[in-house]
file work_31.pdb (PDB, C-alpha atoms)
MODEL        1
ATOM      1  CA  MET U   1      21.050   2.033  19.929
ATOM      2  CA  THR U   2      20.563   1.464  16.221
ATOM      3  CA  VAL U   3      17.318   1.016  14.303
ATOM      4  CA  LEU U   4      17.900  -1.874  11.914
ATOM      5  CA  GLY U   5      14.843  -1.534   9.681
ATOM      6  CA  ILE U   6      11.083  -1.626   9.518
ATOM      7  CA  HIS U   7       9.357  -4.952  10.145
ATOM      8  CA  HIS U   8       5.866  -3.768   9.257
ATOM      9  CA  VAL U   9       3.586  -0.798   8.765
ATOM     10  CA  GLN U  10       0.007  -1.000   9.985
ATOM     11  CA  LEU U  11      -3.050   0.706   8.537
ATOM     12  CA  ALA U  12      -6.502   0.680  10.061
ATOM     13  CA  MET U  13      -9.576  -0.829   8.466
ATOM     14  CA  PRO U  14     -13.207  -1.178   9.539
ATOM     15  CA  ALA U  15     -14.513  -4.443  10.962
ATOM     16  CA  GLY U  16     -15.520  -6.909   8.269
ATOM     17  CA  GLY U  17     -13.285  -5.383   5.593
ATOM     18  CA  GLU U  18     -10.967  -8.356   5.119
ATOM     19  CA  GLU U  19     -12.255  -9.365   1.670
ATOM     20  CA  ALA U  20     -11.962  -5.785   0.369
ATOM     21  CA  ALA U  21      -8.422  -5.644   1.819
ATOM     22  CA  ARG U  22      -7.512  -8.938   0.133
ATOM     23  CA  SER U  23      -8.951  -7.754  -3.165
ATOM     24  CA  PHE U  24      -6.994  -4.478  -3.089
ATOM     25  CA  TYR U  25      -3.706  -5.378  -1.412
ATOM     26  CA  GLY U  26      -3.478  -8.923  -2.767
ATOM     27  CA  GLY U  27      -5.366  -8.596  -6.037
ATOM     28  CA  VAL U  28      -4.582  -5.090  -7.290
ATOM     29  CA  LEU U  29      -1.224  -4.399  -5.607
ATOM     30  CA  GLY U  30      -0.048  -8.001  -5.871
ATOM     31  CA  LEU U  31       1.098  -8.438  -2.264
ATOM     32  CA  THR U  32       1.125 -11.923  -0.755
ATOM     33  CA  GLU U  33      -1.108 -12.483   2.257
ATOM     34  CA  VAL U  34       0.604 -14.061   5.246
ATOM     35  CA  ASP U  35      -1.068 -15.827   8.153
ATOM     36  CA  LYS U  36      -1.608 -13.831  11.299
ATOM     37  CA  PRO U  37      -0.486 -15.567  14.482
ATOM     38  CA  GLU U  38      -3.301 -17.673  15.927
ATOM     39  CA  HIS U  39      -3.621 -15.531  19.063
ATOM     40  CA  LEU U  40      -4.251 -12.376  16.937
ATOM     41  CA  ARG U  41      -6.766 -13.788  14.412
ATOM     42  CA  ALA U  42      -9.818 -13.046  16.561
ATOM     43  CA  ARG U  43      -9.055  -9.319  16.267
ATOM     44  CA  GLY U  44      -9.751  -9.401  12.518
ATOM     45  CA  GLY U  45      -7.708  -7.743   9.821
ATOM     46  CA  CYS U  46      -5.092  -9.284   7.550
ATOM     47  CA  TRP U  47      -1.382  -9.106   6.891
ATOM     48  CA  PHE U  48       0.564  -8.910   3.644
ATOM     49  CA  GLU U  49       4.204  -9.426   2.778
ATOM     50  CA  ILE U  50       6.024  -6.740   0.782
ATOM     51  CA  ASP U  51       9.327  -8.602   0.750
ATOM     52  CA  ARG U  52      10.771 -11.258   3.018
ATOM     53  CA  ASP U  53      11.657  -8.660   5.656
ATOM     54  CA  THR U  54       8.761  -6.187   5.451
ATOM     55  CA  GLN U  55       5.027  -6.537   5.946
ATOM     56  CA  LEU U  56       1.939  -4.352   5.694
ATOM     57  CA  HIS U  57      -0.715  -5.090   8.322
ATOM     58  CA  LEU U  58      -4.369  -4.100   8.216
ATOM     59  CA  GLY U  59      -5.875  -4.000  11.689
ATOM     60  CA  VAL U  60      -9.473  -3.429  12.698
ATOM     61  CA  GLU U  61     -10.061  -0.113  14.433
ATOM     62  CA  THR U  62     -13.358   0.930  15.999
ATOM     63  CA  PRO U  63     -14.398   3.585  15.395
ATOM     64  CA  PHE U  64     -12.600   3.525  12.069
ATOM     65  CA  ARG U  65     -11.073   6.655  10.550
ATOM     66  CA  PRO U  66      -8.977   6.407   7.370
ATOM     67  CA  ALA U  67      -5.463   7.828   7.289
ATOM     68  CA  ALA U  68      -5.781  10.810   4.952
ATOM     69  CA  LYS U  69      -2.212  12.116   5.352
ATOM     70  CA  ALA U  70      -0.148   9.375   7.023
ATOM     71  CA  HIS U  71       0.644   6.630   4.529
ATOM     72  CA  PRO U  72       2.997   3.875   3.440
ATOM     73  CA  ALA U  73       5.040   4.508   0.286
ATOM     74  CA  LEU U  74       5.375   1.372  -1.822
ATOM     75  CA  VAL U  75       8.216   1.193  -4.333
ATOM     76  CA  VAL U  76       7.279  -0.598  -7.559
ATOM     77  CA  ALA U  77       9.312  -1.640 -10.580
ATOM     78  CA  ASP U  78       6.772  -0.427 -13.149
ATOM     79  CA  LEU U  79       4.830   2.681 -12.149
ATOM     80  CA  GLU U  80       2.675   2.704 -15.280
ATOM     81  CA  ALA U  81       1.674  -0.938 -14.909
ATOM     82  CA  MET U  82       0.605  -0.192 -11.325
ATOM     83  CA  ARG U  83      -1.239   2.942 -12.457
ATOM     84  CA  SER U  84      -3.091   0.883 -15.058
ATOM     85  CA  ALA U  85      -4.016  -1.817 -12.534
ATOM     86  CA  LEU U  86      -5.358   0.783 -10.110
ATOM     87  CA  VAL U  87      -7.347   2.634 -12.782
ATOM     88  CA  THR U  88      -8.800  -0.673 -14.023
ATOM     89  CA  ALA U  89      -9.815  -1.520 -10.451
ATOM     90  CA  GLY U  90     -11.527   1.874 -10.078
ATOM     91  CA  SER U  91      -9.037   3.176  -7.532
ATOM     92  CA  PRO U  92      -8.126   6.869  -7.561
ATOM     93  CA  VAL U  93      -4.767   7.951  -8.968
ATOM     94  CA  VAL U  94      -3.495  11.393  -7.943
ATOM     95  CA  ASP U  95      -0.198  12.487  -9.483
ATOM     96  CA  ASP U  96       2.341  14.345  -7.389
ATOM     97  CA  THR U  97       5.642  16.060  -8.029
ATOM     98  CA  GLN U  98       8.789  14.000  -8.244
ATOM     99  CA  LEU U  99      10.660  13.178  -5.093
ATOM    100  CA  ALA U 100      14.451  13.092  -5.563
ATOM    101  CA  GLY U 101      15.075  10.074  -7.763
ATOM    102  CA  PHE U 102      11.445   8.887  -7.906
ATOM    103  CA  VAL U 103       8.230   9.459  -9.804
ATOM    104  CA  ARG U 104       5.093   8.871  -7.775
ATOM    105  CA  PHE U 105       1.383   9.141  -7.308
ATOM    106  CA  TYR U 106      -1.128   8.508  -4.566
ATOM    107  CA  THR U 107      -4.091   6.201  -4.413
ATOM    108  CA  ALA U 108      -6.496   5.132  -1.685
ATOM    109  CA  ASP U 109      -7.325   1.669  -0.459
ATOM    110  CA  PRO U 110     -10.999   0.582  -0.262
ATOM    111  CA  PHE U 111     -11.250   2.181   3.183
ATOM    112  CA  GLY U 112      -9.874   5.598   2.195
ATOM    113  CA  ASN U 113      -6.355   5.127   3.562
ATOM    114  CA  ARG U 114      -3.769   7.033   1.524
ATOM    115  CA  VAL U 115      -1.129   4.887  -0.208
ATOM    116  CA  GLU U 116       1.825   6.321  -2.131
ATOM    117  CA  ILE U 117       3.121   4.405  -5.142
ATOM    118  CA  MET U 118       6.613   5.311  -6.345
ATOM    119  CA  ALA U 119       9.253   4.074  -8.769
ATOM    120  CA  PRO U 120      12.904   4.981  -9.236
ATOM    121  CA  ILE U 121      13.436   7.332 -12.153
ATOM    122  CA  THR U 122      14.650   5.478 -15.229
ATOM    123  CA  THR U 123      14.544   6.386 -18.900
ATOM    124  CA  SER U 124      10.999   4.986 -19.225
ATOM    125  CA  THR U 125       9.605   6.529 -16.015
ATOM    126  CA  ALA U 126      11.148   9.913 -16.837
ATOM    127  CA  LEU U 127       8.911  10.058 -19.927
ATOM    128  CA  GLY U 128       5.824  10.133 -17.706
ATOM    129  CA  PRO U 129       2.396   8.481 -17.924
ATOM    130  CA  THR U 130       0.587   8.063 -21.167
ATOM    131  CA  SER U 131      -2.448  10.253 -21.719
ATOM    132  CA  SER U 132      -4.742   7.196 -21.715
ATOM    133  CA  THR U 133      -3.963   6.413 -18.067
ATOM    134  CA  ARG U 134      -4.172   9.882 -16.593
TER     135      ARG U 134
ENDMDL
END
call {"tool": "encode", "arguments": {"input": "work_31.pdb", "output": "structure tokens"}}
result
Amino acid sequence: MTVLGIHHVQLAMPAGGEEAARSFYGGVLGLTEVDKPEHLRARGGCWFEIDRDTQLHLGVETPFRPAAKAHPALVVADLEAMRSALVTAGSPVVDDTQLAGFVRFYTADPFGNRVEIMAPITTSTALGPTSSTR
């Protein structure tokens, strides 16, 4: 038996939160929304594509409780551009220590779910965030 990869990660959201999810995951994070299969649409929620092989799903959970510790970690090419987009959108940005080969921070989606944002360490990311974005 061999695990070949991850197809998707699912986070919970409250009923009726689809527009907030689209605004955050599609608008701020820049993910592309993909159609849910017809037989699952009545459940609510929305799905986003990270790359052609990996998706992030938001599913309605009642009662809803945000994931405060469990989280997806999204790798980005430009950590400071993502930091700036999140700050501009009013999302929290909480710096954390480096993880071998990466710089990172945490944010929260509109529902309070924790999301880690990380980038491989390069010459520019090793310099750290500018004081205006912290």
call {"tool": "residues_around", "arguments": {"input": "work_31.pdb", "residues": "U:Arg114", "least_positions_apart": "5", "cutoff": "8 Å", "atoms": "all atoms listed in the file", "output": "PyMOL selection string"}}
result
chain U and resi 66-72+106-109
call {"tool": "resolve_selection", "arguments": {"input": "work_31.pdb", "expression": "the PyMOL selection byres ((chain U and resi 34) around 6)", "output": "JSON list (two decimals) with C-alpha atoms, keeping the file's coordinate frame"}}
result
[["chain", "number", "residue", "atom", "x", "y", "z"],
["U", 33, "GLU", "CA", -1.11, -12.48, 2.26],
["U", 35, "ASP", "CA", -1.07, -15.83, 8.15],
["U", 47, "TRP", "CA", -1.38, -9.11, 6.89],
["U", 48, "PHE", "CA", 0.56, -8.91, 3.64]]
call {"tool": "resolve_selection", "arguments": {"input": "work_31.pdb", "expression": "the PyMOL selection byres ((chain U and resi 103) around 9)", "output": "list in words"}}
result
Leu79, Asp95, Asp96, Thr97, Gln98, Leu99, Ala100, Gly101, Phe102, Arg104, Phe105, Ile117, Met118, Ala119, Pro120, Ile121, Thr125, Ala126 and Gly128 of chain U
call {"tool": "write_last_selection", "arguments": {"input": "work_31.pdb", "atoms": "C-alpha atoms", "output": "short mmCIF file (atom, residue, chain, number, x, y, z; two decimals), in the frame of the given file"}}
result
data_model
loop_
_atom_site.label_atom_id
_atom_site.label_comp_id
_atom_site.auth_asym_id
_atom_site.auth_seq_id
_atom_site.Cartn_x
_atom_site.Cartn_y
_atom_site.Cartn_z
CA LEU U 79 4.83 2.68 -12.15
CA ASP U 95 -0.20 12.49 -9.48
CA ASP U 96 2.34 14.34 -7.39
CA THR U 97 5.64 16.06 -8.03
CA GLN U 98 8.79 14.00 -8.24
CA LEU U 99 10.66 13.18 -5.09
CA ALA U 100 14.45 13.09 -5.56
CA GLY U 101 15.08 10.07 -7.76
CA PHE U 102 11.44 8.89 -7.91
CA ARG U 104 5.09 8.87 -7.78
CA PHE U 105 1.38 9.14 -7.31
CA ILE U 117 3.12 4.40 -5.14
CA MET U 118 6.61 5.31 -6.34
CA ALA U 119 9.25 4.07 -8.77
CA PRO U 120 12.90 4.98 -9.24
CA ILE U 121 13.44 7.33 -12.15
CA THR U 125 9.60 6.53 -16.02
CA ALA U 126 11.15 9.91 -16.84
CA GLY U 128 5.82 10.13 -17.71
#
call {"tool": "atom_distance", "arguments": {"input": "work_31.pdb", "atom1": "atom CA of U:Val87", "atom2": "atom CA of U:Gly45"}}
result
24.9 Å
call {"tool": "closest_residue", "arguments": {"input": "work_31.pdb", "among": "U:Arg41, U:Gly90, U:Glu49, U:Glu116", "to": "U:Val28", "atoms": "all atoms listed in the file"}}
result
U:Gly90
call {"tool": "atom_distance", "arguments": {"input": "work_31.pdb", "atom1": "atom CA of U:Gly17", "atom2": "atom CA of U:Ala81"}}
result
25.8 Å
call {"tool": "atom_distance", "arguments": {"input": "work_31.pdb", "atom1": "atom CA of U:Val9", "atom2": "atom CA of U:Val60"}}
result
13.9 Å
call {"tool": "resolve_selection", "arguments": {"input": "work_31.pdb", "expression": "the PyMOL selection byres ((chain U and resi 21) around 12)", "output": "ChimeraX atom specification"}}
result
/U:11-20,22-33,44-48,56-60,108-113
